[in-house]
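The block underneath contains the structure these notes are about, expressed in structure tokens.
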Protein chains: 4
Amino acid sequence: MIKPQIAVIGSGLLLENQKEYSLAKELGEGLIDKGYRILCGGLGGVMTAVCEGAKTSPNYSEGSTIGILPTLDRDLVNPFIDICIATGLSMARNQVIIASSEIVIAIGGGAGTLSELAFAWQLNKPIITLRDTGGWSSKLSDQKIDDSRIDTINSVDKVSEVLELISTILEEK
Amino acid sequence: MIKPQIAVIGSGLLLENQKEYSLAKELGEGLIDKGYRILCGGLGGVMTAVCEGAKTSPNYSEGSTIGILPTLDRDLVNPFIDICIATGLSMARNQVIIASSEIVIAIGGGAGTLSELAFAWQLNKPIITLRDTGGWSSKLSDQKIDDSRIDTINSVDKVSEVLELISTILEEK
Amino acid sequence: MIKPQIAVIGSGLLLENQKEYSLAKELGEGLIDKGYRILCGGLGGVMTAVCEGAKTSPNYSEGSTIGILPTLDRDLVNPFIDICIATGLSMARNQVIIASSEIVIAIGGGAGTLSELAFAWQLNKPIITLRDTGGWSSKLSDQKIDDSRIDTINSVDKVSEVLELISTILEEK
Amino acid sequence: MIKPQIAVIGSGLLLENQKEYSLAKELGEGLIDKGYRILCGGLGGVMTAVCEGAKTSPNYSEGSTIGILPTLDRDLVNPFIDICIATGLSMARNQVIIASSEIVIAIGGGAGTLSELAFAWQLNKPIITLRDTGGWSSKLSDQKIDDSRIDTINSVDKVSEVLELISTILEEK
């Protein structure tokens, strides 16, 4: 049995005092509480925050956080990553993050996050964004990326709503 | 001397009677008139139209159109492609199209085009969109994708303006 | 702390009654006994055997076996994989397996395994082969792949020797 | 009509006074004489030599030499390349070179060349090596890489024989 693999995407540049950082930490904790595995890009900002949060869950066990790096060098991974996948693919590693996940969650985010949202849409992955976190998570709230799918991006206000939505989506599978 | 390599991106699903198809053909002809080489994703829609147009230029010579496919199979390439690059990378081939180009031109476009625009922004490539062609070319007209660059996407109404803008950008290099 | 990530590579075509299959199972069990994580290509043959063996170790915990697939489709993974990385890169996924690992172990193997050994050599990863398992593991026993490294491929006869060699290499790091 | 695309692979470290360098130049000239297009890895050694030779053919026209780089940076390309494909994929770009070619020719070569030969074998591409050029071109002379194909690597002594063999293979298609 493969644990549900949930991608968390967002800016690599967040500062520790930003709202997005604390939301990402809360999300990381909640995802592990629920028994999921977290996939991310392995670097800073949202990627660090979500993995830092993961480790605060009483349900955390080693192997719960996976960082999928753009580089060949494994040493760039943030300190809260348990499993390091080094791709050497530059931005094309975004495809690996998305294809490996069942559901994609976005917090804020710039151009890198946008490419991941576009890939997730093309691969028919359910997408959830935190609505007020700025960047592309806000701009694409409740939107379609194009007409190839009948659903929209699911946008919610709170981490608890993200977790409920994930449960619903996984049950329907 | 490497000829300027210009990427043309847009929907793979255009029908031949659509306005975007005729604009893409006109663009293809104009790019070859100016002595540039065209890179695209090698498949249908805008990718076919721009290469079909290329072949109507009096300045056309064999080797002017390059198709960079997502598949390992070379046979999927459209009939107006001179040079076929088969990547086997799925959507990650979008990185190869963008990284290989000096300037990126978009006509309409859905999620695939959006991922290419996001990559182009991250790689600091000048981006030009035809403003009224719908899809992401219209939605991102004159916008920034994020705050990492000081410029915006350049959006124009006519193919002749695209060609002028390319000349200006190449001269400034 | 990231657990040592050990790649196990070899033919995808082995049958369960073959000697290489039972060696791969024994290796999988031994690697987990030692507290390592196993990375492989996620498909059949050696990749299935090593993960099947992993699950027989008393030290096994969920998350110990990672399959890195060539496809976008996660469903192709063998039943003993805990974590599925779907790359969509075709054979280029071999780079991801090798770059993500600290040490590479080969059992038998054809052209796919050979490309992985070549990548491991280029990335300066320690390589261990089981000497009498046929294919490229035997042909390259105790050899150099080219003159860019001063060491050779390390070849041994028994799984216990593989495990000792891994310990030594990890201690020297 | 797509011109036959022939990959030429080999060491990136050859010096201009080496025998392999002059063979690669002779091969480049001959391939262009015959009307083929040359694909290579875009860097030094054999890759530079074959493209330098291409330009000495009376049949040479701009667009005949394609360099497929491992980097995102286009500036690393050798000065004899007409078309630069920048992949950003590190060694995984070797898949792009091989998949894009109809026939693969090897001169000498170390681990990088070996990974390309392995990919060519897996993709069922005809492979020709110059027998006395050392490295993997010599070691694999007239060999099979594994039992998945009924043919062998074709090994010859002279550039003229390479060109004859290519003609024969292309006619049989």
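To be explicit about the labels: the chains of the structure tokens are called A, B, and onward in the order shown, and within each one the residues are counted from 1, while ligands get numbers from 1 in the order they are shown.
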
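By chain and then residue number, the residues within 9 Å of Lys125 in chain A are Ile98, Ala99, Ser101, Glu102, Ile103, Val104, Phe119, Ala120 and Trp121 of chain A, counting only C-alpha atoms and disregarding those fewer than 4 positions away in sequence.
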
Emit the selected residues as a PDB file, in the first residue's frame, including C-alpha atoms.
```pdb
ATOM      1  CA  ILE A  98       3.533  16.694  -9.993  1.00  0.00           C
ATOM      2  CA  ALA A  99       3.436  13.288 -11.712  1.00  0.00           C
ATOM      3  CA  SER A 101       1.536  13.135  -6.459  1.00  0.00           C
ATOM      4  CA  GLU A 102      -2.135  12.327  -6.146  1.00  0.00           C
ATOM      5  CA  ILE A 103      -3.196  15.835  -5.159  1.00  0.00           C
ATOM      6  CA  VAL A 104      -1.383  19.176  -5.488  1.00  0.00           C
ATOM      7  CA  PHE A 119       1.520  20.554 -15.321  1.00  0.00           C
ATOM      8  CA  ALA A 120      -0.938  19.439 -12.605  1.00  0.00           C
ATOM      9  CA  TRP A 121      -3.826  20.654 -14.758  1.00  0.00           C
TER      10      TRP A 121
END
```

Which residues of chain B are close to chain C, meaning at most 6 Å apart when you count only C-alpha atoms, and how do they look as an mmCIF file with all heavy atoms, in the first residue's frame?
```
data_model
loop_
_atom_site.group_PDB
_atom_site.id
_atom_site.type_symbol
_atom_site.label_atom_id
_atom_site.label_comp_id
_atom_site.auth_asym_id
_atom_site.auth_seq_id
_atom_site.Cartn_x
_atom_site.Cartn_y
_atom_site.Cartn_z
ATOM 1 N N GLY B 88 11.427 12.335 -25.540
ATOM 2 C CA GLY B 88 10.986 11.298 -24.598
ATOM 3 C C GLY B 88 10.755 11.809 -23.189
ATOM 4 O O GLY B 88 10.733 11.027 -22.237
ATOM 5 N N LEU B 89 10.556 13.112 -23.033
ATOM 6 C CA LEU B 89 10.474 13.736 -21.700
ATOM 7 C C LEU B 89 9.063 14.113 -21.283
ATOM 8 O O LEU B 89 8.881 14.747 -20.250
ATOM 9 C CB LEU B 89 11.313 15.020 -21.683
ATOM 10 C CG LEU B 89 12.800 14.900 -21.950
ATOM 11 C CD1 LEU B 89 13.402 16.291 -22.121
ATOM 12 C CD2 LEU B 89 13.505 14.167 -20.814
ATOM 13 N N SER B 90 8.042 13.780 -22.088
ATOM 14 C CA SER B 90 6.676 14.226 -21.820
ATOM 15 C C SER B 90 6.656 15.761 -21.788
ATOM 16 O O SER B 90 7.320 16.387 -22.611
ATOM 17 C CB SER B 90 6.143 13.616 -20.511
ATOM 18 O OG SER B 90 6.373 12.228 -20.480
#
```

### Query
Which residues, written as number ranges by chain, have at least one atom at most 12 Å from Thr133 in chain C, with only C-alpha atoms counted and residues fewer than 2 positions away on the same chain left out?
C: 10-11, 14, 18-24, 46, 105-110, 129-131, 135-141, 155-159

Write out the residues from the selection above, keeping C-alpha atoms, as a CSV table (one decimal), in the first residue's frame.
```csv
chain,number,residue,atom,x,y,z
C,10,GLY,CA,19.6,-4.9,-12.7
C,11,SER,CA,17.4,-6.5,-15.3
C,14,LEU,CA,14.3,-11.8,-14.2
C,18,GLN,CA,16.5,-17.4,-11.2
C,19,LYS,CA,19.5,-17.2,-8.9
C,20,GLU,CA,19.8,-13.5,-9.5
C,21,TYR,CA,16.2,-13.1,-8.2
C,22,SER,CA,17.1,-14.8,-4.9
C,23,LEU,CA,20.3,-12.8,-4.6
C,24,ALA,CA,18.4,-9.6,-5.1
C,46,VAL,CA,15.7,-7.3,-9.8
C,105,ILE,CA,24.7,-1.9,-6.4
C,106,ALA,CA,24.3,-3.9,-9.6
C,107,ILE,CA,23.1,-7.5,-10.2
C,108,GLY,CA,23.4,-8.8,-13.7
C,109,GLY,CA,21.8,-6.4,-16.2
C,110,GLY,CA,21.5,-5.4,-19.8
C,129,THR,CA,28.6,-5.4,-8.5
C,130,LEU,CA,27.8,-9.0,-7.7
C,131,ARG,CA,30.5,-10.7,-9.7
C,135,GLY,CA,25.4,-9.3,-17.8
C,136,TRP,CA,27.2,-6.1,-17.2
C,137,SER,CA,27.7,-6.7,-13.5
C,138,SER,CA,30.0,-9.6,-14.5
C,139,LYS,CA,31.6,-7.9,-17.6
C,140,LEU,CA,32.6,-4.8,-15.7
C,141,SER,CA,33.8,-6.7,-12.6
C,155,SER,CA,33.0,-6.6,-7.4
C,156,VAL,CA,32.2,-9.2,-4.7
C,157,ASP,CA,30.7,-12.7,-4.6
C,158,LYS,CA,28.3,-12.5,-1.7
C,159,VAL,CA,25.6,-10.3,-0.4
```

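Using only C-alpha atoms for every distance, the candidate list D:Leu13, D:Ile169, D:Leu39, D:Gly45 yields D:Leu13 as the residue closest to Asp147 in chain C.
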
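For the set B:Ile85, B:Thr48, B:Cys40, B:Thr65, the residue with the smallest atom-to-atom gap to Ala7 in chain D is B:Ile85, counting only C-alpha atoms.
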
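Nearest to Lys34 in chain C of all the residues C:Ile2, C:Val77, C:Met47, C:Ala54 is C:Ala54, counting only C-alpha atoms.
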
### Query
Per DSSP on the backbone, what are the strand (DSSP E) residues of range 16-146 of chain C, as an MDAnalysis selection string?
chainID C and resid 37:40 65:69 83:86 103:107 127:130
